>>> print(open('work_26.cif').read())   # mmCIF, C-alpha atoms and all ligand atoms
data_input
loop_
_atom_site.label_atom_id
_atom_site.label_comp_id
_atom_site.auth_asym_id
_atom_site.auth_seq_id
_atom_site.Cartn_x
_atom_site.Cartn_y
_atom_site.Cartn_z
CA MET Z 1 100.44 58.53 126.64
CA GLU Z 2 100.12 59.77 123.05
CA LYS Z 3 102.85 59.12 120.51
CA ASP Z 4 104.35 61.43 117.94
CA PHE Z 5 102.83 60.62 114.57
CA LEU Z 6 106.15 60.58 112.72
CA THR Z 7 108.78 59.42 115.18
CA GLY Z 8 106.64 57.13 117.33
CA LYS Z 9 108.28 58.71 120.37
CA ARG Z 10 106.12 59.22 123.40
CA LEU Z 11 104.99 62.78 123.84
CA ASN Z 12 105.01 64.19 127.31
CA THR Z 13 101.86 65.74 128.75
CA MET Z 14 103.13 69.28 128.25
CA ALA Z 15 103.78 68.66 124.55
CA VAL Z 16 100.29 67.21 124.05
CA LYS Z 17 98.76 70.18 125.90
CA ARG Z 18 100.69 72.58 123.65
CA ILE Z 19 99.62 70.77 120.46
CA ASN Z 20 95.97 70.92 121.53
CA GLU Z 21 96.25 74.63 122.35
CA ILE Z 22 97.68 75.32 118.91
CA ARG Z 23 94.87 73.35 117.25
CA ILE Z 24 92.27 75.41 119.14
CA LEU Z 25 94.09 78.61 118.17
CA GLN Z 26 94.38 77.74 114.48
CA LEU Z 27 90.78 76.60 114.15
CA LEU Z 28 89.40 79.75 115.76
CA TYR Z 29 91.75 81.88 113.67
CA ARG Z 30 90.32 80.31 110.53
CA GLU Z 31 86.66 80.25 111.57
CA GLY Z 32 86.52 83.55 113.46
CA GLU Z 33 84.19 82.26 116.16
CA LEU Z 34 82.72 78.95 117.32
CA THR Z 35 80.74 77.51 120.20
CA GLN Z 36 82.46 75.32 122.76
CA THR Z 37 80.50 72.34 121.36
CA GLU Z 38 81.62 73.07 117.79
CA LEU Z 39 85.23 73.30 118.94
CA LYS Z 40 84.87 70.02 120.79
CA GLN Z 41 83.37 68.24 117.79
CA MET Z 42 85.66 69.69 115.15
CA LEU Z 43 88.82 68.95 117.11
CA ASP Z 44 87.64 65.77 118.79
CA LEU Z 45 88.92 66.95 122.15
CA SER Z 46 87.45 66.65 125.64
CA SER Z 47 85.57 69.53 127.25
CA PRO Z 48 88.20 70.10 129.96
CA THR Z 49 90.97 70.27 127.31
CA ILE Z 50 88.99 72.84 125.30
CA THR Z 51 88.15 74.87 128.40
CA GLN Z 52 91.75 74.88 129.57
CA GLY Z 53 93.12 75.95 126.18
CA VAL Z 54 90.48 78.62 125.65
CA GLN Z 55 91.08 80.04 129.13
CA MET Z 56 94.80 80.29 128.50
CA PHE Z 57 94.28 82.35 125.31
CA ARG Z 58 91.54 84.39 126.94
CA ARG Z 59 93.97 85.43 129.67
CA HIS Z 60 96.21 86.86 126.96
CA GLY Z 61 93.31 88.59 125.22
CA ILE Z 62 93.67 86.51 122.05
CA LEU Z 63 90.31 84.80 122.45
CA THR Z 64 87.29 86.72 123.58
CA ASP Z 65 83.48 86.64 123.77
CA GLY Z 66 81.75 86.33 120.42
CA GLU Z 67 78.11 86.31 119.36
CA ALA Z 68 75.53 85.67 122.12
CA LEU Z 69 73.73 82.34 121.96
CA LYS Z 70 70.15 81.58 122.92
CA SER Z 71 69.76 80.28 126.46
CA SER Z 72 66.92 78.85 128.44
CA GLY Z 73 67.60 81.27 131.27
CA GLY Z 74 70.33 83.01 133.23
CA ARG Z 75 73.44 84.53 131.66
CA LYS Z 76 73.49 84.06 127.91
CA PRO Z 77 76.35 81.85 126.72
CA ARG Z 78 78.53 83.27 123.97
CA LYS Z 79 80.59 81.92 121.14
CA ILE Z 80 84.35 81.99 121.52
CA ALA Z 81 85.90 84.47 119.10
CA PHE Z 82 89.40 85.09 117.84
CA SER Z 83 90.46 88.64 118.61
CA TYR Z 84 92.40 89.68 115.52
CA GLN Z 85 93.32 93.02 117.05
CA ALA Z 86 94.96 91.55 120.13
CA LEU Z 87 98.36 91.22 118.51
CA HIS Z 88 100.19 93.07 115.77
CA ALA Z 89 103.26 92.61 113.61
CA ALA Z 90 105.45 95.15 111.84
CA GLY Z 91 106.73 94.86 108.29
CA VAL Z 92 109.50 96.96 106.80
CA GLU Z 93 110.45 97.23 103.15
CA ILE Z 94 114.02 98.36 102.59
CA ARG Z 95 114.52 100.42 99.44
CA PRO Z 96 117.59 102.36 98.33
CA HIS Z 97 116.16 105.73 99.36
CA HIS Z 98 113.06 104.93 101.43
CA VAL Z 99 111.73 102.61 104.06
CA GLU Z 100 108.11 101.61 104.18
CA ILE Z 101 106.78 100.56 107.55
CA VAL Z 102 103.42 98.85 108.07
CA ILE Z 103 101.71 97.49 111.12
CA ILE Z 104 99.20 94.72 110.56
CA ASP Z 105 96.73 92.98 112.82
CA MET Z 106 96.45 89.20 113.02
CA LYS Z 107 94.12 89.13 110.03
CA GLY Z 108 96.79 90.81 107.90
CA ARG Z 109 94.92 94.13 107.74
CA VAL Z 110 97.12 97.21 107.62
CA VAL Z 111 96.29 99.35 110.66
CA PHE Z 112 99.12 101.81 110.16
CA SER Z 113 101.62 102.61 107.43
CA GLU Z 114 104.21 105.25 106.77
CA THR Z 115 107.07 105.91 104.38
CA HIS Z 116 110.29 107.57 105.43
CA ARG Z 117 112.92 109.02 103.23
CA LEU Z 118 116.03 107.27 104.46
CA ASN Z 119 119.03 106.52 102.27
CA TYR Z 120 120.12 102.94 102.74
CA GLU Z 121 123.46 102.49 104.40
CA ASN Z 122 124.58 99.47 106.36
CA THR Z 123 125.39 101.38 109.53
CA PRO Z 124 124.15 101.09 113.11
CA ALA Z 125 122.55 104.55 112.69
CA TYR Z 126 120.41 103.36 109.76
CA TRP Z 127 118.99 100.30 111.54
CA THR Z 128 118.58 102.19 114.80
CA ALA Z 129 116.55 104.83 112.94
CA ILE Z 130 114.12 102.17 111.70
CA ASN Z 131 113.82 100.70 115.18
CA THR Z 132 113.08 104.18 116.55
CA HIS Z 133 110.34 104.72 113.96
CA ILE Z 134 108.67 101.49 115.04
CA LYS Z 135 108.95 102.37 118.71
CA ASP Z 136 107.39 105.77 117.96
CA ILE Z 137 104.43 104.15 116.21
CA ILE Z 138 103.81 101.87 119.17
CA CYS Z 139 104.01 104.83 121.53
CA HIS Z 140 101.65 107.05 119.55
CA GLU Z 141 99.14 104.66 118.01
CA PRO Z 142 96.79 103.37 120.70
CA LYS Z 143 95.44 100.74 118.30
CA VAL Z 144 98.88 99.17 117.92
CA GLN Z 145 100.05 97.05 120.78
CA ASN Z 146 101.58 93.71 121.56
CA LEU Z 147 104.04 93.51 118.69
CA LEU Z 148 104.98 89.97 117.70
CA GLY Z 149 108.06 91.13 115.83
CA VAL Z 150 109.45 93.00 112.86
CA GLY Z 151 109.64 91.34 109.44
CA ILE Z 152 112.10 92.98 107.08
CA ALA Z 153 111.69 92.63 103.31
CA PHE Z 154 115.18 93.00 101.91
CA PRO Z 155 116.17 93.36 98.25
CA GLY Z 156 118.71 90.54 98.37
CA GLU Z 157 119.37 86.85 98.81
CA VAL Z 158 119.15 85.52 102.34
CA SER Z 159 121.13 82.31 102.83
CA PHE Z 160 119.47 78.98 103.45
CA ASN Z 161 120.15 78.92 107.18
CA GLY Z 162 118.80 82.46 107.30
CA ASN Z 163 121.83 83.92 109.00
CA VAL Z 164 123.52 85.85 106.21
CA ILE Z 165 122.47 88.22 103.45
CA GLU Z 166 124.56 86.72 100.68
CA ARG Z 167 124.03 89.29 98.02
CA ALA Z 168 122.04 92.47 97.59
CA THR Z 169 123.30 93.90 94.30
CA VAL Z 170 120.96 96.91 94.40
CA LEU Z 171 122.41 97.95 97.75
CA GLY Z 172 125.97 96.74 97.17
CA LEU Z 173 125.84 94.44 100.19
CA TYR Z 174 127.54 91.03 100.32
CA ASN Z 175 127.85 88.37 103.02
CA GLU Z 176 126.37 90.41 105.83
CA PRO Z 177 125.52 88.43 109.00
CA LEU Z 178 121.90 89.07 109.95
CA ASP Z 179 122.88 89.44 113.58
CA ASN Z 180 124.63 92.70 112.67
CA ILE Z 181 121.21 94.04 111.72
CA LYS Z 182 119.05 92.35 114.36
CA ARG Z 183 121.01 93.68 117.29
CA HIS Z 184 119.83 97.23 116.58
CA PHE Z 185 116.20 96.32 117.23
CA ASP Z 186 114.17 96.08 120.42
CA TYR Z 187 111.98 93.38 118.84
CA ASP Z 188 112.30 89.94 117.38
CA VAL Z 189 113.44 90.46 113.77
CA TYR Z 190 113.05 88.22 110.73
CA ILE Z 191 114.78 89.14 107.47
CA GLU Z 192 113.65 87.76 104.15
CA ASN Z 193 114.04 88.48 100.46
CA GLY Z 194 111.36 90.96 99.42
CA ALA Z 195 109.92 88.94 96.53
CA ASN Z 196 109.58 86.01 98.93
CA THR Z 197 107.68 88.09 101.49
CA ALA Z 198 105.34 89.47 98.82
CA GLY Z 199 104.72 85.96 97.45
CA PHE Z 200 104.13 84.57 100.91
CA GLY Z 201 101.58 87.34 101.58
CA ALA Z 202 99.76 86.76 98.28
CA ILE Z 203 99.33 83.07 99.04
CA TRP Z 204 98.24 83.88 102.59
CA ARG Z 205 95.43 86.04 101.21
CA ASP Z 206 94.54 83.55 98.49
CA GLN Z 207 93.25 80.85 100.84
CA ALA Z 208 92.27 78.57 97.94
CA ASN Z 209 95.82 78.01 96.80
CA ALA Z 210 99.01 77.03 98.58
CA ASP Z 211 101.40 76.82 95.61
CA ALA Z 212 102.39 79.46 93.11
CA VAL Z 213 105.17 81.32 91.42
CA TYR Z 214 104.98 84.97 92.38
CA ILE Z 215 106.44 87.66 90.14
CA VAL Z 216 107.15 91.17 91.42
CA VAL Z 217 107.61 93.83 88.77
CA THR Z 218 108.95 97.23 89.79
CA ASP Z 219 110.50 100.26 88.09
CA ASP Z 220 113.92 98.65 88.40
CA GLY Z 221 113.34 95.02 87.60
CA VAL Z 222 111.62 91.68 87.87
CA ALA Z 223 111.99 89.36 90.85
CA GLY Z 224 110.29 86.13 91.72
CA ALA Z 225 109.43 83.73 94.49
CA ILE Z 226 108.33 80.13 94.66
CA ILE Z 227 105.70 79.32 97.30
CA LEU Z 228 104.99 75.66 97.98
CA GLU Z 229 102.37 74.49 100.47
CA GLY Z 230 102.19 78.02 101.80
CA HIS Z 231 105.92 78.13 102.55
CA ILE Z 232 108.71 79.98 100.79
CA TYR Z 233 110.88 77.66 98.76
CA ARG Z 234 114.40 79.03 99.07
CA GLY Z 235 116.76 76.52 97.55
CA SER Z 236 120.10 77.67 98.90
CA GLY Z 237 118.90 81.26 98.74
CA LYS Z 238 118.62 82.01 95.04
CA ALA Z 239 115.40 80.17 94.16
CA GLY Z 240 112.96 82.27 92.19
CA ALA Z 241 115.57 84.61 90.69
CA PHE Z 242 113.60 84.48 87.44
CA GLY Z 243 114.40 88.10 86.64
CA HIS Z 244 117.85 87.08 85.43
CA MET Z 245 116.72 84.33 83.08
CA THR Z 246 118.26 84.92 79.67
CA LEU Z 247 115.68 85.73 77.02
CA ASP Z 248 118.31 86.74 74.46
CA PRO Z 249 122.04 86.08 75.00
CA ASN Z 250 122.96 88.92 72.64
CA GLY Z 251 120.26 91.21 73.96
CA LYS Z 252 119.93 94.24 76.14
CA GLN Z 253 122.47 94.84 78.91
CA CYS Z 254 121.20 93.99 82.42
CA PHE Z 255 122.55 95.61 85.59
CA CYS Z 256 123.69 92.15 86.78
CA GLY Z 257 126.38 92.08 84.06
CA ALA Z 258 124.63 89.61 81.76
CA LYS Z 259 122.84 90.41 78.52
CA GLY Z 260 119.22 89.83 77.63
CA CYS Z 261 117.80 89.14 81.14
CA TRP Z 262 114.03 89.35 81.66
CA THR Z 263 114.68 92.27 84.02
CA ALA Z 264 116.43 94.21 81.25
CA TYR Z 265 113.26 94.06 79.13
CA CYS Z 266 110.51 94.16 81.72
CA ALA Z 267 111.62 96.59 84.42
CA LEU Z 268 108.85 99.20 84.30
CA SER Z 269 111.39 101.91 83.43
CA ASN Z 270 111.29 100.36 79.93
CA LEU Z 271 107.73 101.68 79.64
CA SER Z 272 107.86 104.88 81.66
CA SER Z 273 110.85 106.06 79.61
CA TYR Z 274 108.33 106.65 76.77
CA ALA Z 275 106.43 109.12 78.98
CA ASP Z 276 109.13 111.12 80.78
CA GLY Z 277 109.30 108.58 83.56
CA ASP Z 278 105.56 108.73 84.24
CA LEU Z 279 104.09 105.23 84.19
CA ASP Z 280 100.50 106.46 84.69
CA ALA Z 281 100.92 108.66 81.62
CA PHE Z 282 102.30 105.76 79.60
CA PHE Z 283 99.24 103.63 80.29
CA ALA Z 284 96.83 106.55 79.88
CA LYS Z 285 98.23 107.41 76.42
CA LYS Z 286 99.09 104.02 74.99
CA GLY Z 287 95.60 103.45 73.53
CA GLN Z 288 95.95 106.52 71.31
CA ASP Z 289 99.64 106.31 70.55
CA HIS Z 290 100.91 103.72 68.11
CA LYS Z 291 104.51 103.93 69.33
CA LEU Z 292 103.49 103.34 72.95
CA GLN Z 293 101.13 100.52 72.01
CA THR Z 294 103.94 98.78 70.12
CA ALA Z 295 106.25 99.21 73.11
CA TRP Z 296 103.57 97.65 75.34
CA GLU Z 297 103.07 94.71 73.01
CA ASN Z 298 106.82 94.11 72.83
CA TYR Z 299 106.92 94.29 76.60
CA LEU Z 300 104.19 91.66 76.86
CA THR Z 301 105.98 89.46 74.32
CA SER Z 302 109.12 89.40 76.49
CA PHE Z 303 106.99 88.91 79.58
CA ALA Z 304 105.16 85.97 77.99
CA ARG Z 305 108.40 84.39 76.83
CA ALA Z 306 109.65 84.37 80.42
CA LEU Z 307 106.31 83.11 81.77
CA SER Z 308 106.26 80.26 79.29
CA ILE Z 309 109.65 79.09 80.61
CA ILE Z 310 108.37 79.34 84.18
CA ILE Z 311 105.13 77.49 83.43
CA LEU Z 312 106.95 74.80 81.46
CA SER Z 313 109.47 74.24 84.22
CA MET Z 314 107.33 74.72 87.34
CA ASP Z 315 103.77 73.87 86.23
CA LEU Z 316 102.45 76.20 88.93
CA ASP Z 317 99.95 79.07 88.96
CA VAL Z 318 101.55 82.46 88.38
CA ILE Z 319 100.63 85.53 90.41
CA ILE Z 320 101.82 88.92 89.16
CA GLY Z 321 102.40 91.56 91.80
CA GLY Z 322 104.33 94.75 92.39
CA LYS Z 323 103.61 98.03 90.65
CA LEU Z 324 102.74 96.33 87.35
CA ALA Z 325 99.70 94.48 88.75
CA ARG Z 326 97.39 97.49 88.80
CA TYR Z 327 98.09 98.24 85.12
CA MET Z 328 97.58 94.64 84.05
CA ARG Z 329 93.83 94.55 84.62
CA GLY Z 330 92.26 94.01 81.24
CA GLU Z 331 95.59 92.99 79.74
CA LEU Z 332 95.87 89.43 81.06
CA GLU Z 333 94.11 87.96 78.07
CA MET Z 334 96.70 89.34 75.67
CA LEU Z 335 99.48 88.07 77.93
CA GLU Z 336 97.95 84.59 78.03
CA GLU Z 337 97.60 84.55 74.26
CA LYS Z 338 101.27 85.35 73.94
CA VAL Z 339 102.18 82.58 76.39
CA ARG Z 340 100.14 80.21 74.22
CA GLU Z 341 102.34 81.11 71.25
CA HIS Z 342 104.70 78.50 72.68
CA PRO Z 343 103.59 75.31 70.85
CA VAL Z 344 103.83 73.11 73.96
CA LEU Z 345 101.53 75.44 75.88
CA ARG Z 346 99.04 76.05 73.09
CA ASN Z 347 96.41 73.73 74.47
CA GLU Z 348 97.48 73.57 78.08
CA GLN Z 349 95.66 74.85 81.13
CA PHE Z 350 97.54 77.40 83.21
CA SER Z 351 96.56 80.20 85.51
CA ILE Z 352 97.99 83.72 85.54
CA ARG Z 353 96.46 86.01 88.17
CA LEU Z 354 97.09 89.44 89.65
CA ASP Z 355 97.90 90.04 93.29
CA ASN Z 356 95.00 91.92 94.87
CA ILE Z 357 97.01 93.99 97.33
CA GLU Z 358 97.22 97.62 96.25
CA GLU Z 359 100.17 98.77 98.31
CA ASN Z 360 102.92 97.65 100.64
CA GLY Z 361 102.82 94.03 99.45
CA LEU Z 362 106.42 93.32 100.45
CA ALA Z 363 106.16 94.85 103.91
CA VAL Z 364 102.77 93.24 104.65
CA GLY Z 365 104.11 89.84 103.61
CA ALA Z 366 107.14 90.29 105.88
CA ALA Z 367 104.85 91.09 108.81
CA LEU Z 368 102.58 88.12 108.01
CA ILE Z 369 105.51 85.78 108.53
CA PHE Z 370 105.21 86.64 112.25
CA VAL Z 371 101.48 85.91 112.23
CA ARG Z 372 102.21 82.47 110.84
CA LYS Z 373 105.00 81.89 113.37
CA PHE Z 374 102.55 82.76 116.12
CA LEU Z 375 99.82 80.47 114.79
CA GLU Z 376 102.33 77.64 114.54
CA GLY Z 377 103.18 78.11 118.21
CA LYS Z 378 106.69 79.33 117.44
CA ILE Z 379 106.33 82.53 119.46
CA SER Z 380 105.68 82.13 123.14
CA LEU Z 381 103.04 84.48 124.47
CA ASP Z 382 105.37 85.58 127.24
CA SER Z 383 107.93 86.76 124.70
CA THR Z 384 105.59 89.25 123.03
CA GLU Z 385 106.62 92.00 125.33
CA SER Z 386 108.83 94.96 124.85
CA LYS Z 387 112.45 94.45 125.73
CA GLU Z 388 112.40 97.85 127.32
CA GLU Z 389 112.37 97.80 131.10
CA GLY Z 390 110.52 94.51 131.03
CA GLN Z 391 107.28 96.35 130.24
CA GLN Z 392 104.56 93.70 129.98
CA MET Z 393 102.83 94.00 126.60
CA ILE Z 394 100.32 91.20 126.91
CA GLY Z 395 97.71 91.27 129.63
CA SER Z 396 99.31 89.77 132.71
ZN ZN Z 401 120.39 90.18 84.81
#
>>> encode(input="work_26.cif", output="structure tokens")
Amino acid sequence: MEKDFLTGKRLNTMAVKRINEIRILQLLYREGELTQTELKQMLDLSSPTITQGVQMFRRHGILTDGEALKSSGGRKPRKIAFSYQALHAAGVEIRPHHVEIVIIDMKGRVVFSETHRLNYENTPAYWTAINTHIKDIICHEPKVQNLLGVGIAFPGEVSFNGNVIERATVLGLYNEPLDNIKRHFDYDVYIENGANTAGFGAIWRDQANADAVYIVVTDDGVAGAIILEGHIYRGSGKAGAFGHMTLDPNGKQCFCGAKGCWTAYCALSNLSSYADGDLDAFFAKKGQDHKLQTAWENYLTSFARALSIIILSMDLDVIIGGKLARYMRGELEMLEEKVREHPVLRNEQFSIRLDNIEENGLAVGAALIFVRKFLEGKISLDSTESKEEGQQMIGS
């Protein structure tokens, strides 16, 4: 009998079977498709173990036939392929006056998205409305089926044990048990701080890197997340709240009550206010307008000051996301130069990149959390069914 690597405890046969199934699943997810022999060699498992695992996932439609292989006669054998469209996950971004809903496939591709005007209020009617929107999508979109769950990107701090929203200043919500939200849904629900979901998604897409500080910049402020080994680092819930670092204790008033926070200087409203609230116009005109160009350079100076503190303290790559990212192309060099104005960083190597997702980064990241849960074997295949009338969602 095999032993657990860490505890030395004997694993029962069922646990070993489950671990092997998950290894088959994860390898095929990563590679797309493989032959039975490749699977056997790469995982160092016996043929019967591979066959058993593959059959189990085939029954649920998650593995399927891939490319045909050459054969000496008879029915052509085929590779075993991961079916990325077999399961889906929903992501929801909660904003003060809107909700964004996306549905992604297992690869993280958005197959459906919609925005609803819905004023946030912490009432049963609000959460039920979101649940109804998701149910409608599943009813009307034939491509979308077998929902793993609903990830909610929330503009607030979720406590370490994940059971309470401790503080959501933007929405005026404090100490709200997550169960009060979850019970209005027909699906498994996971609630996470929005910057964390966006950061998690960025690292998921950037397969080369598992660690980074992620910065989300929106009209209203700057938020951050710390991703370590592909996982969200939460601390007790506040980790990554870089937006409220003090850049100048006697500086500009921030909505949090403090003065001189990064958010106070680098919320995008600081720029759009020069162009009647139109950020596109600001960036279109700044090249020809001295006043706008100065505002942009001052903005980057504050931004760089904050980044230098983050790089000095974390020594991690920085990924910039949110609405700012699309305007930053071609501007990174100037930002890096300003970071290097800090004497300690003058000759240091650091990496500042832009998130490559164009839209819905927070909602997509929230949905991706369910994809990871599934690949880690934390969602049983039998549970991916609608709660309604026991309707079987995965091929029985
Ligand atoms: Zn602040």
>>> atom_distance(input="work_26.cif", atom1="atom CA of Z:Leu247", atom2="atom CA of Z:Ala223")
14.8 Å
>>> residues_near_point(input="work_26.cif", point="(103.0, 84.8, 112.7)", cutoff="10 Å", atoms="all atoms listed in the file", output="ChimeraX atom specification")
/Z:87-89,106,108,148-149,151,366-379
>>> residues_near_ligand(input="work_26.cif", ligand="ligand ZN 401 (chain Z)", cutoff="7 Å", atoms="all atoms listed in the file", output="PDB file with C-alpha atoms, keeping the file's coordinate frame")
ATOM      1  CA  GLY Z 243     114.400  88.100  86.640  1.00  0.00           C
ATOM      2  CA  HIS Z 244     117.850  87.080  85.430  1.00  0.00           C
ATOM      3  CA  CYS Z 254     121.200  93.990  82.420  1.00  0.00           C
ATOM      4  CA  PHE Z 255     122.550  95.610  85.590  1.00  0.00           C
ATOM      5  CA  CYS Z 256     123.690  92.150  86.780  1.00  0.00           C
ATOM      6  CA  GLY Z 257     126.380  92.080  84.060  1.00  0.00           C
ATOM      7  CA  ALA Z 258     124.630  89.610  81.760  1.00  0.00           C
ATOM      8  CA  LYS Z 259     122.840  90.410  78.520  1.00  0.00           C
ATOM      9  CA  CYS Z 261     117.800  89.140  81.140  1.00  0.00           C
ATOM     10  CA  THR Z 263     114.680  92.270  84.020  1.00  0.00           C
ATOM     11  CA  ALA Z 264     116.430  94.210  81.250  1.00  0.00           C
TER      12      ALA Z 264
END
>>> residues_around(input="work_26.cif", residues="stretch 79-84 of chain Z", least_positions_apart="3", cutoff="6 Å", atoms="only C-alpha atoms", output="PyMOL selection string")
chain Z and resi 28-29+32-35+62-67+106-107
>>> atom_distance(input="work_26.cif", atom1="atom CA of Z:Gly61", atom2="atom CA of Z:Ala198")
29.0 Å
>>> axis_aligned_box(input="work_26.cif", around="stretch 76-83 of chain Z", padding_each_side="8 Å", output="lines of an AutoDock Vina configuration file")
center_x = 82.0
center_y = 85.2
center_z = 122.9
size_x = 33.0
size_y = 22.8
size_z = 26.1
>>> atom_distance(input="work_26.cif", atom1="atom CA of Z:Asp317", atom2="atom CA of Z:Ala212")
4.8 Å
>>> closest_residue(input="work_26.cif", among="Z:Asn20, Z:Gln288, Z:Ser272, Z:Gln26", to="Z:Ser46", atoms="only C-alpha atoms")
Z:Asn20
>>> residues_around(input="work_26.cif", residues="Z:Phe154", least_positions_apart="5", cutoff="7 Å", atoms="all atoms listed in the file", output="JSON, numbers by chain")
{"Z": [93, 94, 191, 192, 193, 194]}
>>> residues_around(input="work_26.cif", residues="Z:Gly53", least_positions_apart="6", cutoff="9 Å", atoms="all atoms listed in the file", output="PDB file with C-alpha atoms, keeping the file's coordinate frame")
ATOM      1  CA  LYS Z  17      98.760  70.180 125.900  1.00  0.00           C
ATOM      2  CA  ARG Z  18     100.690  72.580 123.650  1.00  0.00           C
ATOM      3  CA  ASN Z  20      95.970  70.920 121.530  1.00  0.00           C
ATOM      4  CA  GLU Z  21      96.250  74.630 122.350  1.00  0.00           C
ATOM      5  CA  ILE Z  22      97.680  75.320 118.910  1.00  0.00           C
ATOM      6  CA  ILE Z  24      92.270  75.410 119.140  1.00  0.00           C
ATOM      7  CA  LEU Z  25      94.090  78.610 118.170  1.00  0.00           C
TER       8      LEU Z  25
END
>>> closest_residue(input="work_26.cif", among="Z:Asp219, Z:Tyr265, Z:Glu157, Z:Gln52", to="Z:Asp278", atoms="only C-alpha atoms")
Z:Asp219
>>> closest_residue(input="work_26.cif", among="Z:Met328, Z:Ala225, Z:Leu381, Z:Ile181", to="Z:Gly237", atoms="all atoms listed in the file")
Z:Ala225
>>> closest_residue(input="work_26.cif", among="Z:Asn270, Z:Asn196, Z:Asn360, Z:Ser308", to="Z:Arg234", atoms="only C-alpha atoms")
Z:Asn196
>>> residues_around(input="work_26.cif", residues="Z:Leu69", least_positions_apart="3", cutoff="8 Å", atoms="only C-alpha atoms", output="list in words")
Lys76, Pro77, Arg78 and Lys79 of chain Z
>>> closest_residue(input="work_26.cif", among="Z:Pro343, Z:Gly277, Z:Pro249, Z:Gly91", to="Z:Asp188", atoms="only C-alpha atoms")
Z:Gly91
>>> closest_residue(input="work_26.cif", among="Z:Leu312, Z:Cys266, Z:Leu362, Z:Thr51", to="Z:Ala90", atoms="only C-alpha atoms")
Z:Leu362
>>> decode(input="work_26.cif", residues="stretch 90-103 of chain Z", atoms="N, CA and C atoms", output="PDB file, in the first residue's frame")
ATOM      1  N   ALA Z  90     -19.037  30.267 -14.110  1.00  0.00           N
ATOM      2  CA  ALA Z  90     -19.522  31.649 -14.231  1.00  0.00           C
ATOM      3  C   ALA Z  90     -18.686  32.553 -13.339  1.00  0.00           C
ATOM      4  N   GLY Z  91     -18.482  33.780 -13.798  1.00  0.00           N
ATOM      5  CA  GLY Z  91     -17.818  34.795 -12.985  1.00  0.00           C
ATOM      6  C   GLY Z  91     -18.685  36.036 -12.965  1.00  0.00           C
ATOM      7  N   VAL Z  92     -18.758  36.659 -11.802  1.00  0.00           N
ATOM      8  CA  VAL Z  92     -19.599  37.857 -11.661  1.00  0.00           C
ATOM      9  C   VAL Z  92     -18.764  38.952 -11.024  1.00  0.00           C
ATOM     10  N   GLU Z  93     -18.744  40.117 -11.643  1.00  0.00           N
ATOM     11  CA  GLU Z  93     -18.094  41.259 -10.986  1.00  0.00           C
ATOM     12  C   GLU Z  93     -19.172  42.177 -10.429  1.00  0.00           C
ATOM     13  N   ILE Z  94     -19.082  42.420  -9.129  1.00  0.00           N
ATOM     14  CA  ILE Z  94     -20.048  43.309  -8.478  1.00  0.00           C
ATOM     15  C   ILE Z  94     -19.499  44.732  -8.520  1.00  0.00           C
ATOM     16  N   ARG Z  95     -20.295  45.642  -9.110  1.00  0.00           N
ATOM     17  CA  ARG Z  95     -19.911  47.058  -9.094  1.00  0.00           C
ATOM     18  C   ARG Z  95     -21.074  47.848  -8.509  1.00  0.00           C
ATOM     19  N   PRO Z  96     -20.834  49.089  -8.102  1.00  0.00           N
ATOM     20  CA  PRO Z  96     -21.922  49.818  -7.430  1.00  0.00           C
ATOM     21  C   PRO Z  96     -23.214  49.900  -8.253  1.00  0.00           C
ATOM     22  N   HIS Z  97     -23.078  50.045  -9.579  1.00  0.00           N
ATOM     23  CA  HIS Z  97     -24.303  50.216 -10.367  1.00  0.00           C
ATOM     24  C   HIS Z  97     -24.492  49.172 -11.462  1.00  0.00           C
ATOM     25  N   HIS Z  98     -23.554  48.242 -11.565  1.00  0.00           N
ATOM     26  CA  HIS Z  98     -23.640  47.218 -12.626  1.00  0.00           C
ATOM     27  C   HIS Z  98     -23.205  45.874 -12.082  1.00  0.00           C
ATOM     28  N   VAL Z  99     -23.610  44.828 -12.778  1.00  0.00           N
ATOM     29  CA  VAL Z  99     -22.948  43.534 -12.600  1.00  0.00           C
ATOM     30  C   VAL Z  99     -22.504  43.053 -13.970  1.00  0.00           C
ATOM     31  N   GLU Z 100     -21.307  42.503 -13.997  1.00  0.00           N
ATOM     32  CA  GLU Z 100     -20.809  41.886 -15.220  1.00  0.00           C
ATOM     33  C   GLU Z 100     -20.837  40.391 -14.999  1.00  0.00           C
ATOM     34  N   ILE Z 101     -21.404  39.677 -15.961  1.00  0.00           N
ATOM     35  CA  ILE Z 101     -21.450  38.216 -15.828  1.00  0.00           C
ATOM     36  C   ILE Z 101     -20.719  37.608 -17.026  1.00  0.00           C
ATOM     37  N   VAL Z 102     -19.810  36.690 -16.759  1.00  0.00           N
ATOM     38  CA  VAL Z 102     -19.148  35.977 -17.861  1.00  0.00           C
ATOM     39  C   VAL Z 102     -19.309  34.480 -17.629  1.00  0.00           C
ATOM     40  N   ILE Z 103     -19.296  33.761 -18.727  1.00  0.00           N
ATOM     41  CA  ILE Z 103     -19.223  32.305 -18.645  1.00  0.00           C
ATOM     42  C   ILE Z 103     -17.950  31.911 -19.395  1.00  0.00           C
TER      43      ILE Z 103
END
